[in-house]
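Below is model.tsv, holding TSV, C-alpha atoms.
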```
chain	number	residue	atom	x	y	z
F	167	MET	CA	125.01	131.12	88.15
F	168	GLY	CA	121.65	129.30	88.18
F	169	ARG	CA	118.31	130.77	89.06
F	170	ARG	CA	118.73	130.54	92.82
F	171	ILE	CA	116.26	132.33	95.08
F	172	HIS	CA	117.89	134.82	97.40
F	173	PHE	CA	115.75	135.84	100.39
F	174	VAL	CA	117.05	138.45	102.84
F	175	VAL	CA	115.66	138.56	106.37
F	176	ASP	CA	115.57	142.32	106.95
F	177	PRO	CA	112.49	144.03	108.49
F	178	GLN	CA	113.55	147.41	107.11
F	179	GLY	CA	113.74	145.95	103.62
F	180	TRP	CA	110.35	144.31	104.05
F	181	CYS	CA	108.82	147.67	105.01
F	182	CYS	CA	110.39	149.45	102.04
F	183	MET	CA	109.33	146.78	99.59
F	184	GLY	CA	105.85	146.62	101.11
F	185	LEU	CA	105.48	150.36	100.59
F	186	ILE	CA	106.50	150.01	96.94
F	187	ILE	CA	104.00	147.20	96.38
F	188	PHE	CA	101.25	149.24	98.06
F	189	VAL	CA	101.90	152.25	95.81
F	190	TRP	CA	101.98	150.01	92.75
F	191	LEU	CA	98.74	148.25	93.74
F	192	TYR	CA	97.01	151.55	94.50
F	193	ASN	CA	97.96	153.06	91.13
F	194	THR	CA	97.10	149.87	89.23
F	195	ILE	CA	93.57	149.91	90.68
F	196	PHE	CA	92.95	153.65	91.09
F	197	ILE	CA	94.23	155.09	87.79
F	198	PRO	CA	92.21	152.78	85.48
F	199	LYS	CA	89.07	153.11	87.61
F	200	VAL	CA	89.13	156.90	87.85
F	201	ILE	CA	90.79	157.95	84.60
F	202	LEU	CA	91.20	155.24	81.98
F	203	PHE	CA	87.88	153.39	81.99
F	204	PRO	CA	85.58	156.46	82.34
F	205	HIS	CA	87.34	158.35	79.54
F	206	TYR	CA	87.39	155.22	77.39
F	207	GLU	CA	83.60	154.96	77.73
F	208	GLU	CA	83.30	158.65	76.80
F	209	GLY	CA	85.45	158.13	73.72
F	210	HIS	CA	88.34	160.35	74.85
F	211	ILE	CA	90.98	157.59	74.76
F	212	SER	CA	91.40	154.29	72.96
F	213	VAL	CA	91.83	150.81	74.34
F	214	VAL	CA	95.52	151.01	73.40
F	215	ALA	CA	96.11	153.50	76.21
F	216	ILE	CA	94.58	151.08	78.73
F	217	LEU	CA	96.61	148.13	77.46
F	218	CYS	CA	99.84	150.13	77.51
F	219	TYR	CA	99.23	151.14	81.11
F	220	TYR	CA	98.62	147.55	82.22
F	221	PHE	CA	101.66	146.31	80.30
F	222	CYS	CA	103.87	148.93	81.97
F	223	SER	CA	102.39	148.05	85.35
F	224	LEU	CA	102.92	144.33	84.79
F	225	PHE	CA	106.53	144.73	83.66
F	226	CYS	CA	107.23	147.02	86.61
F	227	ILE	CA	106.01	144.59	89.28
F	228	ALA	CA	107.60	141.63	87.50
F	229	SER	CA	111.02	143.29	87.44
F	230	LEU	CA	110.59	144.29	91.09
F	231	LEU	CA	109.80	140.77	92.24
F	232	ARG	CA	112.54	139.19	90.15
F	233	ALA	CA	115.16	141.69	91.30
F	234	SER	CA	114.19	141.14	94.93
F	235	VAL	CA	114.47	137.35	94.93
F	236	ALA	CA	117.22	136.82	92.35
F	237	ASP	CA	120.64	135.76	93.53
F	238	PRO	CA	122.85	138.86	93.19
F	239	GLY	CA	126.01	136.78	92.95
F	240	LYS	CA	126.47	135.17	96.35
F	241	LEU	CA	129.75	133.31	96.67
F	242	PRO	CA	129.70	129.69	97.86
F	243	GLU	CA	131.25	128.82	101.20
F	244	ASN	CA	134.08	126.76	99.71
F	245	PRO	CA	134.72	128.08	96.22
F	246	LYS	CA	136.95	126.07	93.92
F	247	ILE	CA	139.59	128.45	92.67
F	248	PRO	CA	141.42	127.46	89.48
F	249	ILE	CA	145.15	127.67	89.82
F	250	THR	CA	145.40	130.05	86.88
F	251	GLU	CA	142.94	132.50	88.53
F	252	ARG	CA	144.26	132.60	92.09
F	253	GLU	CA	145.93	135.93	91.52
F	254	TYR	CA	142.51	137.45	90.85
F	255	TRP	CA	141.14	136.34	94.24
F	256	GLU	CA	141.54	137.89	97.65
F	257	LEU	CA	140.59	137.21	101.27
F	258	CYS	CA	137.60	139.01	102.77
F	259	ASN	CA	138.52	140.52	106.13
F	260	LYS	CA	134.92	140.27	107.38
F	261	CYS	CA	133.86	136.70	106.58
F	262	ASN	CA	137.37	135.27	106.07
F	263	MET	CA	136.43	133.71	102.75
F	264	MET	CA	138.15	133.89	99.42
F	265	ARG	CA	136.41	136.04	96.86
F	266	PRO	CA	137.12	137.38	93.36
F	267	LYS	CA	138.40	140.90	93.13
F	268	ARG	CA	135.70	143.57	92.71
F	269	SER	CA	133.55	141.56	95.11
F	270	HIS	CA	132.32	143.22	98.30
F	271	HIS	CA	130.92	142.08	101.62
F	272	CYS	CA	127.33	143.13	102.36
F	273	SER	CA	126.64	143.64	106.06
F	274	ARG	CA	122.88	143.40	105.45
F	275	CYS	CA	123.01	140.08	103.64
F	276	GLY	CA	125.96	138.77	105.63
F	277	HIS	CA	128.05	137.47	102.72
F	278	CYS	CA	130.19	138.58	99.80
F	279	VAL	CA	128.64	139.42	96.42
F	280	ARG	CA	130.40	139.37	93.07
F	281	ARG	CA	130.67	142.86	91.56
F	282	MET	CA	128.40	144.27	94.22
F	283	ASP	CA	127.04	147.69	93.32
F	284	HIS	CA	125.03	148.46	96.46
F	285	HIS	CA	122.39	147.04	98.80
F	286	CYS	CA	118.99	148.42	97.84
F	287	PRO	CA	116.36	148.43	100.62
F	288	TRP	CA	113.57	149.01	98.09
F	289	ILE	CA	114.10	145.53	96.65
F	290	ASN	CA	115.43	144.10	99.92
F	291	ASN	CA	118.41	142.66	98.11
F	292	CYS	CA	121.91	143.39	96.95
F	293	VAL	CA	122.54	144.57	93.42
F	294	GLY	CA	125.35	142.46	92.05
F	295	GLU	CA	126.63	140.68	88.99
F	296	ASP	CA	123.66	138.33	88.51
F	297	ASN	CA	120.76	140.73	89.14
F	298	HIS	CA	122.14	144.10	88.06
F	299	TRP	CA	120.28	143.82	84.77
F	300	LEU	CA	117.01	143.19	86.62
F	301	PHE	CA	117.59	146.28	88.76
F	302	LEU	CA	118.14	148.39	85.65
F	303	GLN	CA	114.92	147.01	84.16
F	304	LEU	CA	113.11	147.95	87.38
F	305	CYS	CA	114.42	151.52	87.21
F	306	PHE	CA	113.42	151.78	83.55
F	307	TYR	CA	109.86	150.47	83.93
F	308	THR	CA	109.33	152.46	87.13
F	309	GLN	CA	110.27	155.63	85.27
F	310	ILE	CA	107.99	154.74	82.35
F	311	LEU	CA	105.04	153.91	84.61
F	312	SER	CA	105.53	157.04	86.75
F	313	SER	CA	105.74	159.30	83.69
F	314	TYR	CA	102.70	157.64	82.13
F	315	THR	CA	100.72	158.12	85.36
F	316	LEU	CA	101.68	161.79	85.60
F	317	ILE	CA	100.66	162.37	81.98
F	318	LEU	CA	97.30	160.69	82.58
F	319	ASP	CA	96.72	162.77	85.72
F	320	PHE	CA	97.57	165.97	83.87
F	321	CYS	CA	95.27	165.11	80.95
F	322	HIS	CA	92.49	164.13	83.34
F	323	TYR	CA	92.45	167.39	85.31
F	324	TYR	CA	93.52	169.89	82.66
F	325	TYR	CA	92.07	168.48	79.44
F	326	PHE	CA	89.32	165.88	79.91
F	327	LEU	CA	87.48	167.51	82.81
F	328	PRO	CA	87.17	170.95	81.09
F	329	LEU	CA	85.42	169.17	78.23
F	330	LYS	CA	82.42	168.39	80.44
F	331	LYS	CA	82.60	170.96	83.23
F	332	GLY	CA	81.34	174.49	82.73
F	333	ASN	CA	82.50	176.05	86.00
F	334	TRP	CA	86.17	175.38	85.53
F	335	ASP	CA	87.27	179.04	85.78
F	336	THR	CA	85.84	179.66	89.26
F	337	THR	CA	88.00	179.75	92.37
F	338	SER	CA	87.75	177.31	95.27
F	339	ILE	CA	86.10	179.93	97.52
F	340	GLU	CA	83.51	180.74	94.86
F	341	LYS	CA	82.67	177.07	94.46
F	342	MET	CA	82.27	176.61	98.21
F	343	SER	CA	80.05	179.67	98.62
F	344	ASN	CA	78.01	178.84	95.48
F	345	CYS	CA	78.08	182.50	94.53
F	346	CYS	CA	78.53	181.79	90.87
F	347	GLU	CA	75.46	179.65	90.33
F	348	ASP	CA	73.32	182.59	89.25
F	349	LEU	CA	75.95	184.25	87.08
F	350	SER	CA	75.33	183.94	83.38
F	351	ARG	CA	78.63	184.75	81.82
F	352	PRO	CA	80.68	183.47	78.92
F	353	ARG	CA	82.97	180.60	79.86
F	354	LYS	CA	86.68	181.04	79.39
F	355	PRO	CA	88.70	178.26	77.76
F	356	TRP	CA	91.08	176.50	80.10
F	357	GLN	CA	94.08	177.90	78.24
F	358	GLN	CA	92.90	181.43	79.03
F	359	THR	CA	92.40	180.56	82.69
F	360	PHE	CA	95.87	179.10	83.06
F	361	SER	CA	97.43	181.99	81.16
F	362	GLU	CA	95.92	184.39	83.71
F	363	VAL	CA	97.05	182.25	86.64
F	364	PHE	CA	100.64	181.89	85.41
F	365	GLY	CA	100.83	185.37	83.92
F	366	THR	CA	101.87	184.40	80.39
F	367	HIS	CA	100.43	182.93	77.22
F	368	TRP	CA	103.64	180.95	76.60
F	369	LYS	CA	102.78	177.49	77.93
F	370	ILE	CA	106.43	176.45	78.21
F	371	LEU	CA	106.94	179.22	80.78
F	372	TRP	CA	104.25	177.71	83.02
F	373	PHE	CA	106.85	175.15	84.13
F	374	ILE	CA	109.71	177.62	84.75
F	375	PRO	CA	110.03	178.75	88.39
F	376	PHE	CA	112.88	181.21	87.75
F	377	ARG	CA	110.81	184.14	86.50
F	378	GLN	CA	108.51	186.91	87.65
F	379	ARG	CA	104.78	186.70	87.06
F	380	GLN	CA	103.26	189.60	85.13
F	381	PRO	CA	99.46	190.10	85.28
F	382	LEU	CA	97.76	189.68	81.94
F	383	ARG	CA	95.28	192.08	80.45
F	384	VAL	CA	91.98	190.23	80.65
F	385	PRO	CA	89.49	190.69	77.77
F	386	TYR	CA	86.61	193.01	78.59
F	387	HIS	CA	83.88	190.35	78.63
F	388	PHE	CA	85.97	188.33	81.15
F	389	ALA	CA	87.15	191.29	83.21
F	390	ASN	CA	84.74	190.78	86.08
F	391	HIS	CA	84.81	187.02	86.06
F	392	VAL	CA	88.27	185.77	87.02
```
For the file at hand, write its structure as structure tokens.
Amino acid sequence: MGRRIHFVVDPQGWCCMGLIIFVWLYNTIFIPKVILFPHYEEGHISVVAILCYYFCSLFCIASLLRASVADPGKLPENPKIPITEREYWELCNKCNMMRPKRSHHCSRCGHCVRRMDHHCPWINNCVGEDNHWLFLQLCFYTQILSSYTLILDFCHYYYFLPLKKGNWDTTSIEKMSNCCEDLSRPRKPWQQTFSEVFGTHWKILWFIPFRQRQPLRVPYHFANHV
């Protein structure tokens, strides 16, 4: 039950875990550099948002590393079974060792694990009695960090950038052809642009795919500048 290190020799698990660490490292460096720090200098966000992101990132990688090297509940080779508990033990038909009931043999790790839930390649380890709580922490902090990153990306592209860009209602082809550089026209707010794109002023409906888009009636002074 101590803090034993459990290391699984599995190239597939190494690749999966390496991919997770790469994504985490990329987001930890890229998101603050592109979104957090620039908008903090412009006064759009506070330092609390930066600290919260780094705390979530730190807790996420810490739970990943701990869940990957923690002993999931590996049974010793010669377990001492109390006489009063022998009825709760059984013989494993794969490794021919006695194990408590609800234990399972992991073919990846090559041994039995107490209360084994599954073998997770993303942590390159089994999820069992002794590290199940770490796996749940990993799922929780991964969800928090992913949601936080998506919110920051959304705010960056659909809120912060329109504050300092004037050509936000032009199309990609118009930007590439530079045909709008000499047009002096009133600028539409980003809400109006998205309402025209999605065909509704109800913002909640922008996220619903099970509907039909209806073209909006564009105000006269925007009619020729979609």
For this session: May I ask for the distance between atom CA of F:Val279 and atom CA of F:Leu300, given in Å to one decimal place?
Result: 15.7 Å
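Here the question is which of F:Ile289, F:His322, F:Tyr314, F:Ser361 gets nearest to F:Gln178 using only C-alpha atoms, and that residue is F:Ile289.
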Exercise. Atom CA of F:Met183 and atom CA of F:Pro287, how far apart in Å?
Worked result: 7.3 Å
Problem set entry | F:Cys278, F:Ile197, F:Ile247, F:Leu304 ranked by distance to F:Leu224, top pick (using only C-alpha atoms) |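 Of F:Cys278, F:Ile197, F:Ile247, F:Leu304, the one nearest F:Leu224 is F:Leu304, counting only C-alpha atoms.
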Problem set entry | F:Cys222 environment, 12 Å, all atoms listed in the file, sequence neighbours closer than 2 positions dropped, as a PyMOL selection string | chain F and resi 190+193-194+215-220+224-229+303-304+306-315
Problem set entry | Distance criterion (only C-alpha atoms): nearest to F:Gly184 out of F:Thr250, F:Trp288, F:Leu302, F:Asp283 | F:Trp288
